[in-house]
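Peer 1: Here you go, my_file.pdb (PDB, C-alpha atoms, pLDDT in the B column):
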ATOM      1  CA  MET A   1     -60.297-166.346 -26.487  1.00 38.00           C
ATOM      2  CA  GLY A   2     -62.781-167.232 -29.284  1.00 42.00           C
ATOM      3  CA  ARG A   3     -61.747-168.780 -32.548  1.00 47.00           C
ATOM      4  CA  GLY A   4     -61.394-166.414 -35.490  1.00 47.00           C
ATOM      5  CA  ARG A   5     -63.251-166.911 -38.748  1.00 59.00           C
ATOM      6  CA  HIS A   6     -61.544-169.083 -41.339  1.00 61.00           C
ATOM      7  CA  ALA A   7     -60.116-167.548 -44.498  1.00 57.00           C
ATOM      8  CA  GLY A   8     -63.048-168.553 -46.703  1.00 82.00           C
ATOM      9  CA  TYR A   9     -65.783-167.451 -44.313  1.00 83.00           C
ATOM     10  CA  GLU A  10     -66.880-164.385 -46.285  1.00 88.00           C
ATOM     11  CA  ASP A  11     -66.749-166.245 -49.598  1.00 89.00           C
ATOM     12  CA  GLN A  12     -68.975-168.959 -48.150  1.00 93.00           C
ATOM     13  CA  ARG A  13     -71.300-166.341 -46.719  1.00 93.00           C
ATOM     14  CA  GLU A  14     -71.661-164.662 -50.131  1.00 93.00           C
ATOM     15  CA  LEU A  15     -72.313-168.023 -51.804  1.00 94.00           C
ATOM     16  CA  ILE A  16     -75.089-168.769 -49.313  1.00 97.00           C
ATOM     17  CA  LEU A  17     -76.671-165.359 -49.878  1.00 97.00           C
ATOM     18  CA  ALA A  18     -76.512-165.795 -53.659  1.00 96.00           C
ATOM     19  CA  GLN A  19     -78.161-169.219 -53.494  1.00 97.00           C
ATOM     20  CA  ALA A  20     -80.799-168.019 -51.035  1.00 98.00           C
ATOM     21  CA  ALA A  21     -81.565-164.985 -53.222  1.00 97.00           C
ATOM     22  CA  SER A  22     -81.998-167.286 -56.225  1.00 97.00           C
ATOM     23  CA  LEU A  23     -84.417-169.510 -54.324  1.00 97.00           C
ATOM     24  CA  PHE A  24     -86.354-166.582 -52.855  1.00 97.00           C
ATOM     25  CA  ALA A  25     -86.627-165.038 -56.333  1.00 95.00           C
ATOM     26  CA  GLN A  26     -87.903-168.292 -57.836  1.00 95.00           C
ATOM     27  CA  ARG A  27     -90.100-169.598 -55.030  1.00 95.00           C
ATOM     28  CA  GLY A  28     -90.760-166.534 -52.910  1.00 95.00           C
ATOM     29  CA  TYR A  29     -89.576-166.048 -49.345  1.00 96.00           C
ATOM     30  CA  PRO A  30     -92.474-167.966 -47.725  1.00 96.00           C
ATOM     31  CA  GLY A  31     -92.043-170.878 -50.153  1.00 96.00           C
ATOM     32  CA  THR A  32     -88.349-171.455 -49.410  1.00 97.00           C
ATOM     33  CA  SER A  33     -86.991-173.506 -46.504  1.00 96.00           C
ATOM     34  CA  MET A  34     -83.605-173.578 -44.857  1.00 97.00           C
ATOM     35  CA  ASN A  35     -83.315-177.206 -45.976  1.00 97.00           C
ATOM     36  CA  GLN A  36     -83.618-176.054 -49.592  1.00 97.00           C
ATOM     37  CA  VAL A  37     -81.013-173.337 -49.072  1.00 97.00           C
ATOM     38  CA  ALA A  38     -78.604-175.818 -47.490  1.00 97.00           C
ATOM     39  CA  GLU A  39     -79.121-178.281 -50.348  1.00 97.00           C
ATOM     40  CA  ALA A  40     -78.570-175.571 -52.988  1.00 97.00           C
ATOM     41  CA  CYS A  41     -75.305-174.605 -51.267  1.00 96.00           C
ATOM     42  CA  GLY A  42     -74.112-178.190 -50.861  1.00 95.00           C
ATOM     43  CA  LEU A  43     -74.008-177.715 -47.088  1.00 95.00           C
ATOM     44  CA  SER A  44     -75.497-179.506 -44.128  1.00 95.00           C
ATOM     45  CA  LYS A  45     -78.250-177.656 -42.340  1.00 94.00           C
ATOM     46  CA  ALA A  46     -76.020-177.445 -39.255  1.00 94.00           C
ATOM     47  CA  THR A  47     -73.279-175.765 -41.286  1.00 95.00           C
ATOM     48  CA  LEU A  48     -75.787-173.315 -42.769  1.00 96.00           C
ATOM     49  CA  TYR A  49     -76.876-172.313 -39.266  1.00 94.00           C
ATOM     50  CA  HIS A  50     -73.244-171.556 -38.491  1.00 92.00           C
ATOM     51  CA  TYR A  51     -73.517-168.656 -40.952  1.00 95.00           C
ATOM     52  CA  TYR A  52     -77.158-167.584 -40.568  1.00 96.00           C
ATOM     53  CA  ARG A  53     -79.413-168.219 -37.618  1.00 95.00           C
ATOM     54  CA  ASP A  54     -82.603-168.596 -39.681  1.00 96.00           C
ATOM     55  CA  LYS A  55     -84.355-167.784 -42.967  1.00 97.00           C
ATOM     56  CA  TYR A  56     -85.288-164.317 -41.759  1.00 97.00           C
ATOM     57  CA  ASP A  57     -81.614-163.543 -41.132  1.00 97.00           C
ATOM     58  CA  LEU A  58     -80.961-164.465 -44.774  1.00 97.00           C
ATOM     59  CA  LEU A  59     -83.716-162.136 -45.987  1.00 98.00           C
ATOM     60  CA  VAL A  60     -82.391-159.190 -44.001  1.00 97.00           C
ATOM     61  CA  SER A  61     -78.843-159.797 -45.240  1.00 97.00           C
ATOM     62  CA  ILE A  62     -79.894-160.109 -48.910  1.00 97.00           C
ATOM     63  CA  ALA A  63     -81.966-156.909 -48.835  1.00 96.00           C
ATOM     64  CA  GLU A  64     -79.498-154.856 -46.832  1.00 96.00           C
ATOM     65  CA  ASP A  65     -76.398-156.024 -48.694  1.00 95.00           C
ATOM     66  CA  HIS A  66     -78.073-155.097 -51.980  1.00 95.00           C
ATOM     67  CA  VAL A  67     -78.951-151.553 -50.953  1.00 96.00           C
ATOM     68  CA  ASP A  68     -75.520-151.156 -49.348  1.00 96.00           C
ATOM     69  CA  ARG A  69     -73.921-151.984 -52.727  1.00 94.00           C
ATOM     70  CA  LEU A  70     -76.145-149.400 -54.408  1.00 94.00           C
ATOM     71  CA  LEU A  71     -75.063-146.822 -51.829  1.00 95.00           C
ATOM     72  CA  GLU A  72     -71.426-147.730 -52.466  1.00 94.00           C
ATOM     73  CA  ILE A  73     -71.955-147.209 -56.200  1.00 91.00           C
ATOM     74  CA  LEU A  74     -73.517-143.828 -55.491  1.00 92.00           C
ATOM     75  CA  ARG A  75     -70.613-142.724 -53.318  1.00 90.00           C
ATOM     76  CA  GLU A  76     -67.922-143.977 -55.694  1.00 87.00           C
ATOM     77  CA  ALA A  77     -69.482-142.604 -58.870  1.00 83.00           C
ATOM     78  CA  THR A  78     -70.626-139.230 -57.565  1.00 78.00           C
ATOM     79  CA  ASP A  79     -67.475-137.188 -58.136  1.00 78.00           C
ATOM     80  CA  GLU A  80     -68.577-133.575 -57.732  1.00 78.00           C
ATOM     81  CA  THR A  81     -65.526-132.370 -59.648  1.00 84.00           C
ATOM     82  CA  LEU A  82     -67.042-133.872 -62.805  1.00 87.00           C
ATOM     83  CA  PRO A  83     -69.712-132.123 -64.887  1.00 92.00           C
ATOM     84  CA  PRO A  84     -73.234-133.289 -63.895  1.00 92.00           C
ATOM     85  CA  LYS A  85     -73.848-135.052 -67.219  1.00 94.00           C
ATOM     86  CA  GLN A  86     -70.663-137.082 -66.847  1.00 93.00           C
ATOM     87  CA  ARG A  87     -71.599-137.915 -63.264  1.00 93.00           C
ATOM     88  CA  MET A  88     -74.999-139.171 -64.369  1.00 95.00           C
ATOM     89  CA  ARG A  89     -73.497-141.288 -67.141  1.00 94.00           C
ATOM     90  CA  SER A  90     -71.110-142.826 -64.621  1.00 93.00           C
ATOM     91  CA  LEU A  91     -73.955-143.538 -62.187  1.00 94.00           C
ATOM     92  CA  ILE A  92     -76.114-145.130 -64.874  1.00 95.00           C
ATOM     93  CA  ARG A  93     -73.225-147.262 -66.078  1.00 93.00           C
ATOM     94  CA  ARG A  94     -72.467-148.544 -62.574  1.00 93.00           C
ATOM     95  CA  LEU A  95     -76.143-149.136 -61.819  1.00 93.00           C
ATOM     96  CA  VAL A  96     -76.663-151.192 -64.977  1.00 92.00           C
ATOM     97  CA  GLU A  97     -73.500-153.195 -64.247  1.00 90.00           C
ATOM     98  CA  GLU A  98     -74.712-153.955 -60.721  1.00 90.00           C
ATOM     99  CA  TYR A  99     -78.174-155.001 -61.815  1.00 87.00           C
ATOM    100  CA  ALA A 100     -76.696-157.288 -64.476  1.00 85.00           C
ATOM    101  CA  HIS A 101     -75.364-159.444 -61.630  1.00 86.00           C
ATOM    102  CA  ALA A 102     -77.997-158.793 -58.950  1.00 90.00           C
ATOM    103  CA  GLN A 103     -81.257-159.730 -60.604  1.00 89.00           C
ATOM    104  CA  ASN A 104     -82.276-162.121 -57.830  1.00 93.00           C
ATOM    105  CA  GLU A 105     -81.353-159.691 -55.089  1.00 94.00           C
ATOM    106  CA  HIS A 106     -83.353-156.951 -56.777  1.00 91.00           C
ATOM    107  CA  ARG A 107     -86.405-159.200 -57.053  1.00 92.00           C
ATOM    108  CA  VAL A 108     -86.107-160.121 -53.379  1.00 95.00           C
ATOM    109  CA  LEU A 109     -85.802-156.464 -52.413  1.00 92.00           C
ATOM    110  CA  THR A 110     -88.879-155.440 -54.383  1.00 90.00           C
ATOM    111  CA  GLU A 111     -91.101-158.446 -53.658  1.00 93.00           C
ATOM    112  CA  ASP A 112     -90.077-159.731 -50.218  1.00 95.00           C
ATOM    113  CA  VAL A 113     -89.259-156.549 -48.290  1.00 94.00           C
ATOM    114  CA  LYS A 114     -92.842-156.714 -46.954  1.00 95.00           C
ATOM    115  CA  PHE A 115     -91.814-159.709 -44.841  1.00 97.00           C
ATOM    116  CA  LEU A 116     -89.250-157.669 -42.891  1.00 97.00           C
ATOM    117  CA  ASP A 117     -90.052-156.500 -39.381  1.00 97.00           C
ATOM    118  CA  ASP A 118     -90.873-152.805 -39.072  1.00 97.00           C
ATOM    119  CA  GLY A 119     -87.432-151.779 -37.843  1.00 97.00           C
ATOM    120  CA  ASP A 120     -85.529-153.728 -40.486  1.00 97.00           C
ATOM    121  CA  ARG A 121     -87.879-152.611 -43.262  1.00 97.00           C
ATOM    122  CA  LYS A 122     -87.565-148.957 -42.272  1.00 97.00           C
ATOM    123  CA  ARG A 123     -83.765-149.214 -42.216  1.00 97.00           C
ATOM    124  CA  VAL A 124     -83.610-150.841 -45.681  1.00 97.00           C
ATOM    125  CA  LEU A 125     -86.134-148.406 -47.169  1.00 96.00           C
ATOM    126  CA  SER A 126     -84.237-145.481 -45.654  1.00 97.00           C
ATOM    127  CA  LYS A 127     -81.119-146.617 -47.504  1.00 96.00           C
ATOM    128  CA  GLU A 128     -83.146-146.970 -50.702  1.00 95.00           C
ATOM    129  CA  ARG A 129     -84.342-143.388 -50.305  1.00 95.00           C
ATOM    130  CA  GLU A 130     -80.726-142.283 -49.849  1.00 96.00           C
ATOM    131  CA  VAL A 131     -79.861-143.870 -53.201  1.00 95.00           C
ATOM    132  CA  VAL A 132     -82.829-142.198 -54.903  1.00 95.00           C
ATOM    133  CA  ASN A 133     -81.947-138.847 -53.328  1.00 95.00           C
ATOM    134  CA  GLY A 134     -78.358-139.151 -54.554  1.00 94.00           C
ATOM    135  CA  PHE A 135     -79.491-139.653 -58.141  1.00 95.00           C
ATOM    136  CA  ALA A 136     -82.065-136.872 -57.757  1.00 96.00           C
ATOM    137  CA  ASP A 137     -79.302-134.501 -56.650  1.00 95.00           C
ATOM    138  CA  VAL A 138     -77.468-135.121 -59.927  1.00 94.00           C
ATOM    139  CA  VAL A 139     -80.708-134.553 -61.860  1.00 95.00           C
ATOM    140  CA  ALA A 140     -81.057-131.243 -60.001  1.00 95.00           C
ATOM    141  CA  ALA A 141     -77.476-130.325 -60.889  1.00 94.00           C
ATOM    142  CA  LEU A 142     -78.315-130.958 -64.550  1.00 94.00           C
ATOM    143  CA  ARG A 143     -81.585-129.019 -64.413  1.00 94.00           C
ATOM    144  CA  PRO A 144     -81.954-126.770 -61.322  1.00 94.00           C
ATOM    145  CA  ASP A 145     -85.425-125.739 -62.505  1.00 94.00           C
ATOM    146  CA  LEU A 146     -86.632-129.328 -62.025  1.00 93.00           C
ATOM    147  CA  LYS A 147     -85.899-129.114 -58.321  1.00 91.00           C
ATOM    148  CA  GLU A 148     -88.035-125.995 -58.030  1.00 90.00           C
ATOM    149  CA  ALA A 149     -90.865-127.874 -59.752  1.00 91.00           C
ATOM    150  CA  ALA A 150     -90.423-130.935 -57.465  1.00 92.00           C
ATOM    151  CA  MET A 151     -89.632-133.079 -60.504  1.00 95.00           C
ATOM    152  CA  THR A 152     -86.201-134.480 -59.659  1.00 95.00           C
ATOM    153  CA  LYS A 153     -87.459-137.528 -57.754  1.00 95.00           C
ATOM    154  CA  PRO A 154     -90.191-138.477 -60.259  1.00 95.00           C
ATOM    155  CA  LEU A 155     -87.621-138.332 -63.058  1.00 95.00           C
ATOM    156  CA  THR A 156     -85.183-140.365 -60.969  1.00 96.00           C
ATOM    157  CA  MET A 157     -87.857-143.001 -60.449  1.00 95.00           C
ATOM    158  CA  LEU A 158     -88.455-143.090 -64.210  1.00 94.00           C
ATOM    159  CA  LEU A 159     -84.731-143.737 -64.652  1.00 95.00           C
ATOM    160  CA  PHE A 160     -84.815-146.552 -62.097  1.00 93.00           C
ATOM    161  CA  GLY A 161     -87.857-147.927 -63.881  1.00 91.00           C
ATOM    162  CA  MET A 162     -85.780-148.300 -67.042  1.00 90.00           C
ATOM    163  CA  VAL A 163     -82.903-150.014 -65.264  1.00 91.00           C
ATOM    164  CA  ASN A 164     -84.614-152.047 -62.538  1.00 86.00           C
ATOM    165  CA  TRP A 165     -86.528-154.344 -64.857  1.00 83.00           C
ATOM    166  CA  LEU A 166     -84.023-154.925 -67.652  1.00 86.00           C
ATOM    167  CA  PHE A 167     -83.731-158.526 -66.553  1.00 81.00           C
ATOM    168  CA  THR A 168     -87.409-159.177 -67.312  1.00 82.00           C
ATOM    169  CA  TRP A 169     -86.881-158.803 -71.049  1.00 86.00           C
ATOM    170  CA  MET A 170     -83.138-159.042 -71.746  1.00 82.00           C
ATOM    171  CA  ARG A 171     -81.926-162.528 -72.641  1.00 80.00           C
ATOM    172  CA  PRO A 172     -78.349-163.892 -72.390  1.00 73.00           C
ATOM    173  CA  GLU A 173     -78.542-165.045 -76.003  1.00 79.00           C
ATOM    174  CA  GLY A 174     -80.026-161.744 -77.211  1.00 80.00           C
ATOM    175  CA  THR A 175     -78.405-159.252 -79.549  1.00 83.00           C
ATOM    176  CA  LEU A 176     -77.921-156.676 -76.759  1.00 83.00           C
ATOM    177  CA  ASP A 177     -75.949-157.098 -73.552  1.00 85.00           C
ATOM    178  CA  TYR A 178     -75.575-154.816 -70.543  1.00 86.00           C
ATOM    179  CA  ASP A 179     -72.524-153.122 -72.052  1.00 86.00           C
ATOM    180  CA  ASP A 180     -74.734-152.087 -74.960  1.00 88.00           C
ATOM    181  CA  ILE A 181     -77.672-151.039 -72.813  1.00 91.00           C
ATOM    182  CA  ALA A 182     -75.872-148.747 -70.331  1.00 92.00           C
ATOM    183  CA  PRO A 183     -75.010-145.985 -72.873  1.00 93.00           C
ATOM    184  CA  ILE A 184     -78.437-146.345 -74.494  1.00 93.00           C
ATOM    185  CA  VAL A 185     -80.153-145.737 -71.149  1.00 95.00           C
ATOM    186  CA  ALA A 186     -77.875-142.734 -70.517  1.00 95.00           C
ATOM    187  CA  ASP A 187     -78.499-141.269 -73.982  1.00 94.00           C
ATOM    188  CA  LEU A 188     -82.247-141.739 -73.710  1.00 94.00           C
ATOM    189  CA  PHE A 189     -82.482-140.271 -70.211  1.00 95.00           C
ATOM    190  CA  LEU A 190     -80.153-137.338 -70.784  1.00 94.00           C
ATOM    191  CA  ASP A 191     -80.813-136.335 -74.383  1.00 93.00           C
ATOM    192  CA  GLY A 192     -83.883-138.155 -75.668  1.00 92.00           C
ATOM    193  CA  LEU A 193     -84.593-140.694 -78.360  1.00 88.00           C
ATOM    194  CA  GLY A 194     -82.780-138.722 -81.048  1.00 87.00           C
ATOM    195  CA  ALA A 195     -79.487-139.073 -79.173  1.00 87.00           C
ATOM    196  CA  VAL A 196     -79.546-142.878 -78.939  1.00 87.00           C
ATOM    197  CA  LYS A 197     -76.630-144.391 -80.852  1.00 85.00           C
ATOM    198  CA  LEU A 198     -76.813-147.806 -82.455  1.00 82.00           C
ATOM    199  CA  PRO A 199     -74.614-150.413 -80.749  1.00 79.00           C
ATOM    200  CA  LEU A 200     -71.712-151.888 -82.663  1.00 75.00           C
ATOM    201  CA  PRO A 201     -72.228-155.218 -84.452  1.00 75.00           C
ATOM    202  CA  PRO A 202     -71.132-158.159 -82.229  1.00 69.00           C
ATOM    203  CA  ALA A 203     -68.009-158.837 -84.289  1.00 68.00           C
ATOM    204  CA  GLU A 204     -66.687-155.311 -83.634  1.00 67.00           C
ATOM    205  CA  ARG A 205     -67.436-155.086 -79.903  1.00 62.00           C
ATOM    206  CA  VAL A 206     -64.600-157.080 -78.342  1.00 59.00           C
ATOM    207  CA  GLY A 207     -61.753-155.049 -79.793  1.00 55.00           C
ATOM    208  CA  VAL A 208     -63.386-151.704 -79.043  1.00 53.00           C
ATOM    209  CA  ARG A 209     -64.212-152.667 -75.459  1.00 53.00           C
ATOM    210  CA  GLY A 210     -60.698-153.916 -74.953  1.00 52.00           C
ATOM    211  CA  ARG A 211     -59.294-150.554 -76.043  1.00 50.00           C
ATOM    212  CA  GLN A 212     -61.808-148.719 -73.846  1.00 51.00           C
ATOM    213  CA  GLY A 213     -60.804-150.842 -70.865  1.00 48.00           C
ATOM    214  CA  ALA A 214     -57.141-150.070 -71.451  1.00 46.00           C
ATOM    215  CA  THR A 215     -57.794-146.356 -71.293  1.00 41.00           C
ATOM    216  CA  THR A 216     -60.045-146.243 -68.207  1.00 40.00           C
TER
END
Could you take the file, read its structure, and then write that structure out as structure tokens?

Peer 2:
Amino acid sequence: MGRGRHAGYEDQRELILAQAASLFAQRGYPGTSMNQVAEACGLSKATLYHYYRDKYDLLVSIAEDHVDRLLEILREATDETLPPKQRMRSLIRRLVEEYAHAQNEHRVLTEDVKFLDDGDRKRVLSKEREVVNGFADVVAALRPDLKEAAMTKPLTMLLFGMVNWLFTWMRPEGTLDYDDIAPIVADLFLDGLGAVKLPLPPAERVGVRGRQGATT
């Protein structure tokens, strides 16, 4: 009978993936070695190989885990009992929250997916299309005429274009954070520039967000 995995196995696995994603994002997949990943994780190379057989295995796991999380967001936030506009706001909020903590994984997915073998790349891209289709379905529920004009997917891609690259210009020390940006993206996408509300001054945000959290 084989030995079971220790209690911290999944935590260690996630740490390795996070460190590998950071290195891939900074150096690129070809420019990163398993030695560098092991060093970043504070592990021996032998221990690293206990979790992942090679660098390619890391790449597949980073890309697939990322799109799997996006699919989970889609499934959790798409409550068909809610009005379409509320559904879209919920989806945008969850998407922005995810991308706030998955900048490296997103960069790996967009820049290094070309290094995946055909079968793995097709599987990952198929899941990406499922995410896009899920958002497009909500766009169609908001505006059925857009589906007839084959415009739901282009508009969905415009939405992803707003969210996907927030990390390229947002700064941790900036005046806006992801809590501010999520409703702005939703207002802009759903109702246009005239609907965008100014965020609260920093001094007023903590108390308001605390009350919002207590009621959700």

Peer 1: Using only C-alpha atoms, pick whichever of A:Ala40, A:Val139, A:Ala63, A:Met88 has the shortest atom-to-atom distance to A:Lys114.

Peer 2: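 When distances to A:Lys114 are compared using only C-alpha atoms, the smallest one comes from A:Ala63.
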
Peer 1: Would you write out, as a list in words, every residue that the PyMOL selection byres ((chain A and resi 147-155) around 10) captures in this file?

Peer 2: Arg129, Val132, Asn133, Gly134, Phe135, Ala136, Asp137, Val138, Val139, Ala140, Ala141, Leu142, Arg143, Pro144, Asp145, Leu146, Thr156, Met157, Leu158, Leu159, Phe160, Gly161 and Phe189 of chain A

Peer 1: Which of these, A:Leu188, A:Gln36, A:Asp180, A:His66, has the shortest distance to A:Leu200 once you count only C-alpha atoms?

Peer 2: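 Going through A:Leu188, A:Gln36, A:Asp180, A:His66 one by one, the smallest distance to A:Leu200 is for A:Asp180.
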
Peer 1: Could you work out how far atom CA of A:Glu130 lies from atom CA of A:Gly192, giving the answer in Å with one decimal?

Peer 2: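 That distance, rounded to one decimal, is 26.3 Å.
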
Peer 1: Quick one: residues within 12 Å of A:Ala195, only C-alpha atoms counted, chain neighbours fewer than 4 positions away excluded, as a PyMOL selection string?

Peer 2: chain A and resi 183-191

Peer 1: For each of A:Val67, A:Val37, A:Leu82, A:Met162, take the minimum atom-to-atom distance to A:His106, counting only C-alpha atoms, then give the residue where this is smallest.

Peer 2: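 Of A:Val67, A:Val37, A:Leu82, A:Met162, the one nearest A:His106 is A:Val67, counting only C-alpha atoms.
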
Peer 1: Skipping near chain neighbours, those fewer than 6 positions away, what residues fall within 10 Å of A:Gln26 using only C-alpha atoms, listed as a PyMOL selection string?

Peer 2: chain A and resi 20+32+104+107-108

Peer 1: Could you save those same residues with C-alpha atoms as a short mmCIF file (atom, residue, chain, number, x, y, z; two decimals), in the frame of the given file?

Peer 2:
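Everything below was put into selection03.cif:
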data_model
loop_
_atom_site.label_atom_id
_atom_site.label_comp_id
_atom_site.auth_asym_id
_atom_site.auth_seq_id
_atom_site.Cartn_x
_atom_site.Cartn_y
_atom_site.Cartn_z
CA ALA A 20 -80.80 -168.02 -51.04
CA THR A 32 -88.35 -171.46 -49.41
CA ASN A 104 -82.28 -162.12 -57.83
CA ARG A 107 -86.40 -159.20 -57.05
CA VAL A 108 -86.11 -160.12 -53.38
#

Peer 1: Starting from the PyMOL selection byres ((chain A and resi 29) around 12), expand the selection into actual residues of this file and give them as a ChimeraX atom specification.

Peer 2: /A:20-28,30-34,36-37,55-60,62-63,104-105,107-116

Peer 1: Here's the selection I'm unsure about, the PyMOL selection byres ((chain A and resi 100) around 10); applied to the file above, which residues does it give, as a list in words?

Peer 2: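 Against this file, the PyMOL selection byres ((chain A and resi 100) around 10) returns the residues Arg94, Leu95, Val96, Glu97, Glu98, Tyr99, His101, Ala102, Gln103, Asn104, Val163, Asn164, Leu166, Phe167, Met170, Asp177, Tyr178 and Asp179 of chain A.
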
Peer 1: Measure the distance from atom CA of A:Ser90 to atom CA of A:Leu74 in Å and round it to one decimal.

Peer 2: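 So the answer is 9.5 Å.
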
Peer 1: Smallest atom-to-atom distance to A:Arg123: which of A:Leu176, A:Trp169, A:Arg69, A:Glu64, using only C-alpha atoms?

Peer 2: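 Closest to A:Arg123, using only C-alpha atoms: A:Glu64.
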
Peer 1: Please measure the separation of atom CA of A:Gln19 and atom CA of A:Ala46, giving the value in Å to one decimal.

Peer 2: 16.6 Å

Peer 1: Go through A:Glu76, A:Pro172, A:Asp68, A:Tyr51 one by one, measure the shortest atom-to-atom distance of each to A:Glu10 using all atoms listed in the file, and give the residue with the smallest value.

Peer 2: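 Answer, going by the shortest atom-to-atom distance: A:Tyr51.
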
Peer 1: Kindly provide, as lines of an AutoDock Vina configuration file, the centre and edge lengths (Å, one decimal) of an axis-aligned box around all atoms of stretch 43-47 of chain A given in the file, with 6 Å on each side.

Peer 2:
center_x = -75.8
center_y = -177.6
center_z = -43.2
size_x = 17.0
size_y = 15.7
size_z = 19.8

Peer 1: Would you mind telling me which residue in A:Glu39, A:Ala77, A:Ile16, A:Arg87 lies nearest to A:Tyr52 when using all atoms listed in the file?

Peer 2: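 Result for the nearest residue to A:Tyr52: A:Ile16.
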
Peer 1: Just add N, CA and C atoms to stretch 135-149 of chain A and send it as a PDB file, in the frame of the given file.

Peer 2:
ATOM      1  N   PHE A 135     -79.256-139.815 -56.708  1.00 95.00           N
ATOM      2  CA  PHE A 135     -79.491-139.653 -58.141  1.00 95.00           C
ATOM      3  C   PHE A 135     -80.260-138.367 -58.413  1.00 95.00           C
ATOM      4  N   ALA A 136     -81.260-138.082 -57.574  1.00 96.00           N
ATOM      5  CA  ALA A 136     -82.065-136.872 -57.757  1.00 96.00           C
ATOM      6  C   ALA A 136     -81.212-135.619 -57.638  1.00 96.00           C
ATOM      7  N   ASP A 137     -80.197-135.659 -56.787  1.00 95.00           N
ATOM      8  CA  ASP A 137     -79.302-134.501 -56.650  1.00 95.00           C
ATOM      9  C   ASP A 137     -78.550-134.234 -57.949  1.00 95.00           C
ATOM     10  N   VAL A 138     -78.172-135.309 -58.657  1.00 94.00           N
ATOM     11  CA  VAL A 138     -77.468-135.121 -59.927  1.00 94.00           C
ATOM     12  C   VAL A 138     -78.444-134.598 -60.984  1.00 94.00           C
ATOM     13  N   VAL A 139     -79.690-135.099 -60.954  1.00 95.00           N
ATOM     14  CA  VAL A 139     -80.708-134.553 -61.860  1.00 95.00           C
ATOM     15  C   VAL A 139     -80.878-133.057 -61.612  1.00 95.00           C
ATOM     16  N   ALA A 140     -80.913-132.657 -60.343  1.00 95.00           N
ATOM     17  CA  ALA A 140     -81.057-131.243 -60.001  1.00 95.00           C
ATOM     18  C   ALA A 140     -79.858-130.427 -60.465  1.00 95.00           C
ATOM     19  N   ALA A 141     -78.665-131.029 -60.409  1.00 94.00           N
ATOM     20  CA  ALA A 141     -77.476-130.325 -60.889  1.00 94.00           C
ATOM     21  C   ALA A 141     -77.541-130.124 -62.405  1.00 94.00           C
ATOM     22  N   LEU A 142     -78.145-131.083 -63.101  1.00 94.00           N
ATOM     23  CA  LEU A 142     -78.315-130.958 -64.550  1.00 94.00           C
ATOM     24  C   LEU A 142     -79.360-129.910 -64.907  1.00 94.00           C
ATOM     25  N   ARG A 143     -80.467-129.917 -64.138  1.00 94.00           N
ATOM     26  CA  ARG A 143     -81.585-129.019 -64.413  1.00 94.00           C
ATOM     27  C   ARG A 143     -82.096-128.438 -63.096  1.00 94.00           C
ATOM     28  N   PRO A 144     -81.508-127.347 -62.602  1.00 94.00           N
ATOM     29  CA  PRO A 144     -81.954-126.770 -61.322  1.00 94.00           C
ATOM     30  C   PRO A 144     -83.441-126.422 -61.309  1.00 94.00           C
ATOM     31  N   ASP A 145     -84.009-126.093 -62.460  1.00 94.00           N
ATOM     32  CA  ASP A 145     -85.425-125.739 -62.505  1.00 94.00           C
ATOM     33  C   ASP A 145     -86.324-126.916 -62.145  1.00 94.00           C
ATOM     34  N   LEU A 146     -85.839-128.152 -62.367  1.00 93.00           N
ATOM     35  CA  LEU A 146     -86.632-129.328 -62.025  1.00 93.00           C
ATOM     36  C   LEU A 146     -86.798-129.481 -60.524  1.00 93.00           C
ATOM     37  N   LYS A 147     -85.786-129.044 -59.783  1.00 91.00           N
ATOM     38  CA  LYS A 147     -85.899-129.114 -58.321  1.00 91.00           C
ATOM     39  C   LYS A 147     -86.971-128.156 -57.828  1.00 91.00           C
ATOM     40  N   GLU A 148     -87.016-126.979 -58.407  1.00 90.00           N
ATOM     41  CA  GLU A 148     -88.035-125.995 -58.030  1.00 90.00           C
ATOM     42  C   GLU A 148     -89.438-126.527 -58.322  1.00 90.00           C
ATOM     43  N   ALA A 149     -89.559-127.330 -59.368  1.00 91.00           N
ATOM     44  CA  ALA A 149     -90.865-127.874 -59.752  1.00 91.00           C
ATOM     45  C   ALA A 149     -91.142-129.230 -59.103  1.00 91.00           C
TER      46      ALA A 149
END
